[in-house]
>>> print(open('run20.txt').read())   # compact mmCIF, C-alpha atoms
# COMPACT_ATOMS: atom_id res chain seq x y z
CA MET A 1 119.77 110.84 136.92
CA SER A 2 122.42 112.50 134.82
CA ALA A 3 121.58 113.51 131.26
CA ARG A 4 124.88 112.03 130.18
CA ASN A 5 126.11 108.49 130.65
CA THR A 6 128.09 107.66 133.78
CA SER A 7 130.57 104.83 134.16
CA VAL A 8 127.83 102.51 135.42
CA ARG A 9 124.62 103.53 133.66
CA TYR A 10 123.18 105.26 130.66
CA GLY A 11 122.11 108.89 131.09
CA SER A 12 118.52 110.12 130.68
CA VAL A 13 119.00 111.13 127.03
CA ALA A 14 120.29 107.70 125.97
CA GLN A 15 117.61 105.98 128.05
CA PHE A 16 114.83 108.10 126.58
CA LEU A 17 116.00 107.38 123.04
CA HIS A 18 116.27 103.65 123.76
CA TRP A 19 112.81 103.28 125.31
CA ALA A 20 111.08 105.67 122.91
CA ILE A 21 112.27 103.52 120.01
CA VAL A 22 111.19 100.37 121.87
CA ALA A 23 107.70 101.84 122.39
CA LEU A 24 107.42 102.86 118.74
CA LEU A 25 108.61 99.44 117.53
CA VAL A 26 105.97 97.73 119.69
CA VAL A 27 103.37 99.68 117.68
CA GLN A 28 105.20 99.72 114.37
CA VAL A 29 105.84 96.05 113.70
CA PRO A 30 102.25 94.84 114.30
CA LEU A 31 100.92 97.91 112.45
CA GLY A 32 102.95 96.99 109.38
CA LYS A 33 101.97 93.33 109.52
CA ILE A 34 98.26 94.14 109.99
CA ALA A 35 98.27 96.75 107.22
CA HIS A 36 100.04 94.30 104.90
CA GLU A 37 97.29 91.70 105.42
CA LEU A 38 94.39 94.09 104.84
CA PRO A 39 92.58 94.03 101.50
CA VAL A 40 93.27 96.96 99.20
CA GLY A 41 91.08 99.83 100.36
CA LEU A 42 90.85 102.92 102.50
CA GLU A 43 91.59 101.13 105.78
CA ARG A 44 94.80 99.72 104.32
CA LEU A 45 95.77 103.17 103.04
CA VAL A 46 95.20 104.66 106.51
CA MET A 47 97.10 101.92 108.37
CA MET A 48 99.97 101.91 105.89
CA SER A 49 100.36 105.69 106.00
CA ARG A 50 100.48 105.59 109.81
CA HIS A 51 103.06 102.81 109.54
CA LYS A 52 105.12 105.06 107.27
CA SER A 53 104.82 108.05 109.61
CA VAL A 54 105.89 106.00 112.63
CA GLY A 55 108.74 104.53 110.58
CA ILE A 56 110.04 107.98 109.67
CA THR A 57 109.80 108.96 113.35
CA ILE A 58 111.92 105.92 114.24
CA LEU A 59 114.43 106.86 111.54
CA ALA A 60 114.72 110.39 112.98
CA LEU A 61 115.14 109.05 116.53
CA ALA A 62 117.74 106.53 115.33
CA LEU A 63 119.72 109.37 113.74
CA VAL A 64 119.60 111.38 116.96
CA ARG A 65 120.52 108.28 118.93
CA LEU A 66 123.53 107.45 116.79
CA ALA A 67 124.73 111.06 116.97
CA TRP A 68 124.24 111.09 120.74
CA ARG A 69 126.11 107.79 121.11
CA TRP A 70 129.04 109.29 119.24
CA PHE A 71 128.92 112.35 121.54
CA ASP A 72 128.28 110.41 124.75
CA ARG A 73 130.04 107.04 124.80
CA PRO A 74 128.16 104.15 126.43
CA PRO A 75 129.26 102.91 129.84
CA PRO A 76 131.59 99.91 129.67
CA PRO A 77 129.76 96.57 129.94
CA PRO A 78 130.08 94.46 133.08
CA ALA A 79 132.65 91.65 133.14
CA MET A 80 131.64 88.72 130.94
CA PRO A 81 133.24 86.09 128.75
CA ARG A 82 134.86 87.54 125.68
CA TRP A 83 132.52 85.75 123.25
CA GLN A 84 129.52 87.24 125.04
CA ALA A 85 130.97 90.75 124.87
CA ALA A 86 131.67 90.27 121.16
CA ALA A 87 128.18 88.88 120.53
CA ALA A 88 126.62 91.81 122.44
CA ARG A 89 128.62 94.32 120.39
CA LEU A 90 127.69 92.64 117.14
CA ASN A 91 124.01 92.48 118.08
CA HIS A 92 123.90 96.12 119.16
CA TRP A 93 125.42 97.31 115.91
CA ALA A 94 123.15 95.04 113.86
CA LEU A 95 120.16 96.57 115.68
CA TYR A 96 121.42 100.05 114.86
CA VAL A 97 121.81 99.09 111.20
CA LEU A 98 118.23 97.76 111.16
CA LEU A 99 116.86 100.94 112.74
CA PHE A 100 118.09 102.70 109.62
CA ALA A 101 117.66 99.96 107.03
CA LEU A 102 114.02 99.24 107.85
CA PRO A 103 112.67 102.79 107.44
CA VAL A 104 114.91 103.44 104.44
CA THR A 105 113.78 100.29 102.57
CA GLY A 106 110.18 101.16 103.47
CA TRP A 107 110.67 104.68 102.14
CA LEU A 108 112.27 103.40 98.91
CA MET A 109 109.48 100.84 98.54
CA SER A 110 106.91 103.65 98.82
CA SER A 111 108.69 105.73 96.20
CA ALA A 112 109.00 102.74 93.87
CA ALA A 113 105.26 102.10 94.28
CA ASN A 114 104.48 105.78 93.51
CA ARG A 115 102.92 106.09 96.97
CA PRO A 116 105.11 108.87 98.40
CA VAL A 117 105.58 109.18 102.15
CA SER A 118 104.06 111.95 104.19
CA TRP A 119 105.00 112.37 107.83
CA PHE A 120 101.59 112.44 109.53
CA GLY A 121 100.30 114.69 106.74
CA PHE A 122 102.62 117.53 107.77
CA VAL A 123 105.45 117.16 105.30
CA GLN A 124 105.95 115.07 102.20
CA LEU A 125 109.27 113.31 101.92
CA PRO A 126 111.21 113.41 98.66
CA ASP A 127 111.40 110.38 96.41
CA PHE A 128 114.96 109.28 95.75
CA ILE A 129 113.93 106.75 93.13
CA ALA A 130 111.34 106.86 90.35
CA PRO A 131 108.31 104.57 90.38
CA ASP A 132 109.33 101.06 89.35
CA ALA A 133 107.16 97.99 89.95
CA GLY A 134 110.16 95.63 89.84
CA LEU A 135 112.15 97.62 92.39
CA LYS A 136 109.09 97.86 94.62
CA GLU A 137 108.98 94.05 94.80
CA VAL A 138 112.69 93.92 95.63
CA PHE A 139 112.42 96.48 98.46
CA GLU A 140 109.30 94.77 99.78
CA GLU A 141 111.15 91.44 100.01
CA VAL A 142 114.12 93.07 101.71
CA HIS A 143 111.88 95.03 104.11
CA GLU A 144 110.07 91.84 105.14
CA PHE A 145 113.30 89.95 105.59
CA LEU A 146 114.77 92.75 107.70
CA VAL A 147 111.77 92.97 110.02
CA ASN A 148 112.00 89.24 110.68
CA LEU A 149 115.72 89.64 111.34
CA LEU A 150 114.87 92.51 113.70
CA LEU A 151 112.48 90.28 115.65
CA VAL A 152 115.16 87.60 116.02
CA LEU A 153 117.85 90.08 117.10
CA VAL A 154 115.51 91.87 119.52
CA GLY A 155 114.65 88.44 120.97
CA LEU A 156 118.37 87.72 121.50
CA HIS A 157 118.90 91.20 122.97
CA VAL A 158 116.04 90.78 125.48
CA ALA A 159 117.06 87.21 126.34
CA ALA A 160 120.64 88.29 126.99
CA ALA A 161 119.54 91.24 129.15
CA LEU A 162 117.28 88.94 131.20
CA LYS A 163 120.05 86.36 131.53
CA HIS A 164 122.36 89.04 132.97
CA GLN A 165 119.63 90.27 135.28
CA LEU A 166 118.20 86.97 136.50
CA ILE A 167 121.01 84.43 136.18
CA ASP A 168 124.27 86.41 136.38
CA ARG A 169 122.59 88.93 138.73
CA ASP A 170 125.07 91.59 137.61
CA GLY A 171 122.45 94.39 137.55
CA LEU A 172 122.98 95.02 133.83
CA LEU A 173 119.32 95.93 133.26
CA PHE A 174 119.54 98.85 135.73
CA ARG A 175 122.00 100.51 133.37
CA MET A 176 119.10 101.24 131.04
CA LEU A 177 116.49 102.05 133.73
CA PRO A 178 115.78 105.22 135.69
CA GLY A 179 115.21 105.28 139.43
CA ARG A 180 116.92 102.64 141.45
CA ARG A 181 120.66 103.02 141.71
CA PRO A 182 122.63 100.16 140.22
CA MET B 183 82.81 135.32 40.12
CA ARG B 184 81.93 133.06 43.06
CA PRO B 185 85.02 130.84 42.97
CA VAL B 186 87.24 133.88 42.65
CA ALA B 187 85.62 135.53 45.67
CA LEU B 188 86.03 132.34 47.68
CA ALA B 189 89.67 132.12 46.73
CA LEU B 190 90.12 135.73 47.75
CA VAL B 191 88.49 135.14 51.14
CA LEU B 192 90.65 132.05 51.72
CA ALA B 193 93.79 133.96 50.80
CA LEU B 194 92.94 136.72 53.24
CA CYS B 195 92.22 134.34 56.09
CA PRO B 196 94.69 134.93 58.91
CA ALA B 197 97.47 132.41 58.74
CA ALA B 198 97.34 132.00 62.49
CA HIS B 199 94.02 130.23 62.30
CA ALA B 200 94.60 126.69 63.36
CA ASP B 201 92.51 123.59 63.04
CA LEU B 202 94.72 121.18 64.87
CA ARG B 203 94.72 117.55 65.89
CA GLN B 204 96.97 115.62 68.09
CA ALA B 205 100.06 114.78 66.11
CA ASP B 206 101.23 111.70 67.88
CA GLN B 207 99.70 109.98 70.85
CA SER B 208 103.05 108.95 72.26
CA ALA B 209 104.43 112.49 72.05
CA GLY B 210 101.79 114.08 74.24
CA ARG B 211 101.27 113.80 77.95
CA LEU B 212 98.11 114.12 80.00
CA GLU B 213 98.94 113.90 83.69
CA PHE B 214 97.17 114.49 86.96
CA SER B 215 98.26 114.94 90.55
CA ALA B 216 96.23 114.03 93.58
CA THR B 217 96.95 113.55 97.25
CA GLN B 218 96.54 110.48 99.39
CA ALA B 219 97.48 110.39 103.06
CA GLY B 220 98.96 113.87 102.70
CA ALA B 221 101.33 112.93 99.90
CA THR B 222 100.97 114.06 96.30
CA PHE B 223 101.35 111.44 93.58
CA THR B 224 101.19 111.76 89.82
CA GLY B 225 99.42 109.60 87.29
CA ALA B 226 98.66 109.82 83.59
CA PHE B 227 96.18 108.87 80.91
CA THR B 228 97.83 107.21 77.96
CA ARG B 229 94.94 107.22 75.44
CA PHE B 230 93.20 110.47 74.56
CA ARG B 231 92.24 112.51 71.54
CA VAL B 232 92.55 116.27 71.22
CA SER B 233 91.10 118.55 68.60
CA LEU B 234 91.67 122.30 68.68
CA ASP B 235 90.06 124.81 66.38
CA PHE B 236 91.53 128.09 67.49
CA ASP B 237 92.10 131.45 65.92
CA PRO B 238 93.89 133.93 68.22
CA ALA B 239 92.35 136.76 66.21
CA HIS B 240 88.85 135.46 66.93
CA PRO B 241 89.07 133.77 70.31
CA ALA B 242 85.36 134.08 71.01
CA SER B 243 84.68 131.30 68.56
CA GLY B 244 86.43 128.02 68.08
CA ARG B 245 86.54 124.87 70.08
CA LEU B 246 88.69 122.55 72.10
CA ASP B 247 87.60 118.95 72.36
CA VAL B 248 89.36 116.34 74.45
CA THR B 249 88.25 112.74 74.82
CA VAL B 250 90.04 110.53 77.31
CA ASP B 251 89.81 106.75 77.60
CA VAL B 252 89.61 106.57 81.37
CA ALA B 253 90.68 102.93 81.44
CA SER B 254 94.08 104.07 80.15
CA LEU B 255 94.71 105.61 83.56
CA ASP B 256 98.14 104.71 84.91
CA THR B 257 99.46 105.72 88.33
CA GLN B 258 102.26 103.16 88.26
CA ASP B 259 100.49 101.31 91.04
CA PRO B 260 98.29 98.44 89.75
CA GLU B 261 96.30 98.24 93.01
CA ARG B 262 95.42 101.94 92.93
CA ASP B 263 94.71 101.83 89.17
CA GLU B 264 92.20 99.04 89.72
CA ILE B 265 90.38 101.05 92.38
CA LEU B 266 90.40 104.20 90.25
CA ARG B 267 88.96 102.37 87.22
CA GLY B 268 86.39 100.62 89.38
CA PRO B 269 82.90 101.48 90.63
CA ASP B 270 84.05 103.80 93.43
CA PHE B 271 85.86 106.14 91.05
CA PHE B 272 85.72 106.27 87.24
CA LEU B 273 83.31 103.37 86.75
CA ALA B 274 85.13 102.81 83.48
CA ASP B 275 82.91 99.92 82.35
CA GLU B 276 79.86 102.19 82.21
CA HIS B 277 81.60 105.49 81.47
CA PRO B 278 84.64 104.61 79.37
CA GLN B 279 85.29 108.19 78.30
CA ALA B 280 85.83 111.53 79.98
CA VAL B 281 85.04 114.42 77.66
CA PHE B 282 85.98 118.10 77.75
CA HIS B 283 84.47 120.67 75.43
CA ALA B 284 85.11 124.39 75.24
CA GLY B 285 83.53 126.66 72.62
CA ARG B 286 85.36 129.91 73.23
CA PHE B 287 88.70 131.27 74.39
CA GLU B 288 89.80 134.23 76.47
CA PRO B 289 93.24 135.76 76.76
CA ALA B 290 94.92 134.94 80.09
CA GLY B 291 98.40 136.26 80.80
CA ASP B 292 100.82 134.76 78.29
CA GLY B 293 98.25 132.34 77.04
CA TRP B 294 94.60 131.51 76.91
CA ARG B 295 91.75 130.35 79.00
CA ALA B 296 89.13 127.94 77.72
CA PRO B 297 86.05 127.79 79.93
CA GLY B 298 84.23 124.60 79.16
CA ASP B 299 82.40 121.56 80.37
CA LEU B 300 84.04 118.41 81.63
CA THR B 301 82.07 115.20 81.80
CA ILE B 302 83.35 112.36 83.93
CA ARG B 303 81.29 109.40 85.11
CA GLY B 304 78.28 110.92 83.39
CA VAL B 305 78.50 114.10 85.48
CA THR B 306 79.13 117.41 83.70
CA ARG B 307 80.69 120.34 85.53
CA PRO B 308 82.26 123.60 84.36
CA VAL B 309 86.05 123.44 84.25
CA THR B 310 88.44 126.03 82.86
CA VAL B 311 91.58 124.97 81.05
CA THR B 312 94.44 127.44 80.76
CA PHE B 313 97.07 126.90 78.10
CA THR B 314 99.77 128.33 75.94
CA LEU B 315 100.10 127.48 72.29
CA ALA B 316 103.47 127.70 70.59
CA PRO B 317 102.80 127.45 66.88
CA GLY B 318 105.42 125.76 64.77
CA ALA B 319 105.92 125.05 61.09
CA GLY B 320 104.36 121.61 61.34
CA ILE B 321 103.87 120.90 65.00
CA SER B 322 102.34 123.27 67.53
CA VAL B 323 102.97 122.64 71.19
CA MET B 324 100.02 123.15 73.51
CA LYS B 325 100.80 123.19 77.22
CA GLY B 326 98.38 123.79 80.00
CA SER B 327 96.60 122.81 83.13
CA ALA B 328 93.27 122.66 84.87
CA SER B 329 92.13 122.10 88.40
CA LEU B 330 89.07 120.18 89.46
CA ASN B 331 87.39 118.71 92.49
CA ARG B 332 87.05 114.96 92.17
CA LEU B 333 83.97 114.72 94.40
CA ALA B 334 82.00 117.07 92.12
CA PHE B 335 82.14 114.24 89.56
CA GLY B 336 81.42 111.45 92.00
CA LEU B 337 85.04 110.30 91.85
CA GLY B 338 85.10 108.67 95.27
CA GLN B 339 82.04 106.77 96.42
CA GLY B 340 81.37 105.32 99.84
CA GLU B 341 84.41 105.41 102.10
CA TRP B 342 86.35 107.29 99.41
CA ALA B 343 83.96 110.27 99.60
CA SER B 344 85.85 111.51 102.64
CA THR B 345 88.62 114.00 101.98
CA GLU B 346 90.50 113.13 105.17
CA TRP B 347 92.78 110.62 103.44
CA VAL B 348 92.26 111.36 99.76
CA GLY B 349 92.27 115.03 98.79
CA ASP B 350 89.39 116.54 96.80
CA GLU B 351 91.51 118.70 94.54
CA VAL B 352 93.08 117.18 91.46
CA ASP B 353 95.47 119.07 89.21
CA VAL B 354 95.62 118.19 85.55
CA ARG B 355 98.57 119.06 83.32
CA PHE B 356 99.08 118.42 79.65
CA GLU B 357 101.65 118.94 76.97
CA LEU B 358 100.46 118.14 73.48
CA ARG B 359 101.99 118.11 70.06
CA LEU B 360 99.38 119.21 67.55
CA GLN B 361 99.47 119.36 63.79
CA PRO B 362 97.06 120.70 61.16
CA ALA B 363 94.06 118.47 60.73
CA GLY B 364 94.28 116.70 57.43
>>> encode(input="run20.txt", output="structure tokens")
Amino acid sequence: MSARNTSVRYGSVAQFLHWAIVALLVVQVPLGKIAHELPVGLERLVMMSRHKSVGITILALALVRLAWRWFDRPPPPPAMPRWQAAAARLNHWALYVLLFALPVTGWLMSSAANRPVSWFGFVQLPDFIAPDAGLKEVFEEVHEFLVNLLLVLVGLHVAAALKHQLIDRDGLLFRMLPGRRP
Amino acid sequence: MRPVALALVLALCPAAHADLRQADQSAGRLEFSATQAGATFTGAFTRFRVSLDFDPAHPASGRLDVTVDVASLDTQDPERDEILRGPDFFLADEHPQAVFHAGRFEPAGDGWRAPGDLTIRGVTRPVTVTFTLAPGAGISVMKGSASLNRLAFGLGQGEWASTEWVGDEVDVRFELRLQPAG
């Protein structure tokens, strides 16, 4: 498999970035929800700090992914009705926006709560805003709204990919999978 | 003759001798930094009293007394403040005050060192405060710091006694505006 995208499938770099973020999100979203429900205490502190570290990892991968996408343009999509192509484009870009907006609102929420972010204990991230209880509430609301939006958009993304694969049988899913030739 | 001799002694007393009190509660700051989950955060105590009896010409005698209302602790995070005031940390209901007392001073670099005893949560341990004192016409500015290990005072019971997620070392910084005791 080529490192770079071909006309019919994503290259190994784009595929790795896609699936690495998927794997992290599978951990990250439940981790955040579980930590949020825990009573205030050490366990909550531990879970929340892991959630923050994973979130910063996702932010870094999203940055690399966006840069790589600019460097290595995605293969053109298979033939489909124009509204579907437009919806796919819109959904992809909304997902990209969320991959940045979710970690950034989480980061700002942490700064506003005076609970600065450390990436797995190795490096402490700067605080771009001063502690502010009111702002913390705002970012918390936005963060929660965005994660629910993410779940909806990921659901649409997966449903559309499966529809292409199983109903249209146009092999779209193979574009993002190693191994078998499309 | 006696009153004359006393007047003479008073007149010859070095002008630098200072018997100082905190000028204005709101003008001074008493802050601390600690780490949780690898990230350093800062908090403050908003109610404390400082009394300094210090003569640079006779540093071996004198005293520095600081009394802190531990319930005035503020880390700009109500959840954390509640835990810190509670039974696992300051136990503020039973030990409402933290007290520092030093009875002598030693020169240290540009400033002074005050080896003394700090009592928190009923536990007394030696702690050394280093400071500089900038005398002024009315107000003298006293700036300094100290470092302590929270676990030596029992700050962190049960699950909080581990240093894996909450660091042992706590740095204390202060900047005080002092004026002659009257």
>>> residues_around(input="run20.txt", residues="A:Leu59", least_positions_apart="5", cutoff="8 Å", atoms="all atoms listed in the file", output="list in words")
Leu99, Phe100, Pro103 and Val104 of chain A
>>> closest_residue(input="run20.txt", among="A:Val117, A:His143, A:Met109, A:Leu66", to="A:Ile129", atoms="only C-alpha atoms")
A:Met109
>>> residues_around(input="run20.txt", residues="B:Pro241", least_positions_apart="5", cutoff="7 Å", atoms="only C-alpha atoms", output="PyMOL selection string")
chain B and resi 236+286-288
>>> write_last_selection(input="run20.txt", atoms="C-alpha atoms", output="PDB file, keeping the file's coordinate frame")
ATOM      1  CA  PHE B 236      91.530 128.090  67.490  1.00  0.00           C
ATOM      2  CA  ARG B 286      85.360 129.910  73.230  1.00  0.00           C
ATOM      3  CA  PHE B 287      88.700 131.270  74.390  1.00  0.00           C
ATOM      4  CA  GLU B 288      89.800 134.230  76.470  1.00  0.00           C
TER       5      GLU B 288
END
>>> interface_residues(input="run20.txt", of="chain B", to="chain A", cutoff="6 Å", atoms="all atoms listed in the file", output="number ranges by chain")
B: 220-221, 259
>>> residues_near_point(input="run20.txt", point="(86.2, 116.1, 88.0)", cutoff="8 Å", atoms="all atoms listed in the file", output="tab-separated table (two decimals) with C-alpha atoms, in the coordinates of the input")
chain	number	residue	atom	x	y	z
B	300	LEU	CA	84.04	118.41	81.63
B	301	THR	CA	82.07	115.20	81.80
B	302	ILE	CA	83.35	112.36	83.93
B	307	ARG	CA	80.69	120.34	85.53
B	330	LEU	CA	89.07	120.18	89.46
B	331	ASN	CA	87.39	118.71	92.49
B	332	ARG	CA	87.05	114.96	92.17
B	333	LEU	CA	83.97	114.72	94.40
B	334	ALA	CA	82.00	117.07	92.12
B	335	PHE	CA	82.14	114.24	89.56
B	336	GLY	CA	81.42	111.45	92.00
B	337	LEU	CA	85.04	110.30	91.85
B	352	VAL	CA	93.08	117.18	91.46
>>> atom_distance(input="run20.txt", atom1="atom CA of B:Leu246", atom2="atom CA of B:Arg267")
25.2 Å
>>> axis_aligned_box(input="run20.txt", around="stretch 237-254 of chain B", padding_each_side="6 Å", output="AutoDock Vina command-line options")
--center_x 89.4 --center_y 119.8 --center_z 73.7 --size_x 21.4 --size_y 45.8 --size_z 27.5
>>> residues_around(input="run20.txt", residues="B:Phe214", least_positions_apart="6", cutoff="10 Å", atoms="all atoms listed in the file", output="compact mmCIF listing (two decimals) with C-alpha atoms, in the frame of the given file")
# COMPACT_ATOMS: atom_id res chain seq x y z
CA PHE B 223 101.35 111.44 93.58
CA THR B 224 101.19 111.76 89.82
CA GLY B 225 99.42 109.60 87.29
CA ALA B 226 98.66 109.82 83.59
CA PHE B 227 96.18 108.87 80.91
CA LEU B 255 94.71 105.61 83.56
CA THR B 257 99.46 105.72 88.33
CA SER B 327 96.60 122.81 83.13
CA ALA B 328 93.27 122.66 84.87
CA SER B 329 92.13 122.10 88.40
CA VAL B 352 93.08 117.18 91.46
CA ASP B 353 95.47 119.07 89.21
CA VAL B 354 95.62 118.19 85.55
CA ARG B 355 98.57 119.06 83.32
CA PHE B 356 99.08 118.42 79.65
>>> atom_distance(input="run20.txt", atom1="atom CA of A:Val138", atom2="atom CA of A:Leu153")
22.4 Å
>>> closest_residue(input="run20.txt", among="A:Ala88, A:Val27, A:Leu17, A:Ala101", to="A:Val158", atoms="all atoms listed in the file")
A:Ala88
>>> atom_distance(input="run20.txt", atom1="atom CA of A:Phe16", atom2="atom CA of A:Glu144")
27.3 Å
>>> closest_residue(input="run20.txt", among="B:Gly291, B:Ala363, B:Asp299, B:Glu264", to="B:Arg203", atoms="all atoms listed in the file")
B:Ala363
>>> residues_around(input="run20.txt", residues="A:Arg69", least_positions_apart="4", cutoff="10 Å", atoms="only C-alpha atoms", output="list in words")
Asn5, Val13, Ala14, Leu63, Val64, Arg65, Arg73 and Pro74 of chain A
>>> closest_residue(input="run20.txt", among="A:Leu172, A:Val147, A:Leu108, A:Leu162", to="A:Ala130", atoms="only C-alpha atoms")
A:Leu108
>>> residues_around(input="run20.txt", residues="B:Gly320", least_positions_apart="4", cutoff="10 Å", atoms="all atoms listed in the file", output="list of chain:residue names")
B:Ala205, B:Arg359, B:Leu360, B:Gln361, B:Pro362
>>> closest_residue(input="run20.txt", among="B:Val305, B:Ala296, B:Val323, B:Leu358", to="B:Leu273", atoms="all atoms listed in the file")
B:Val305
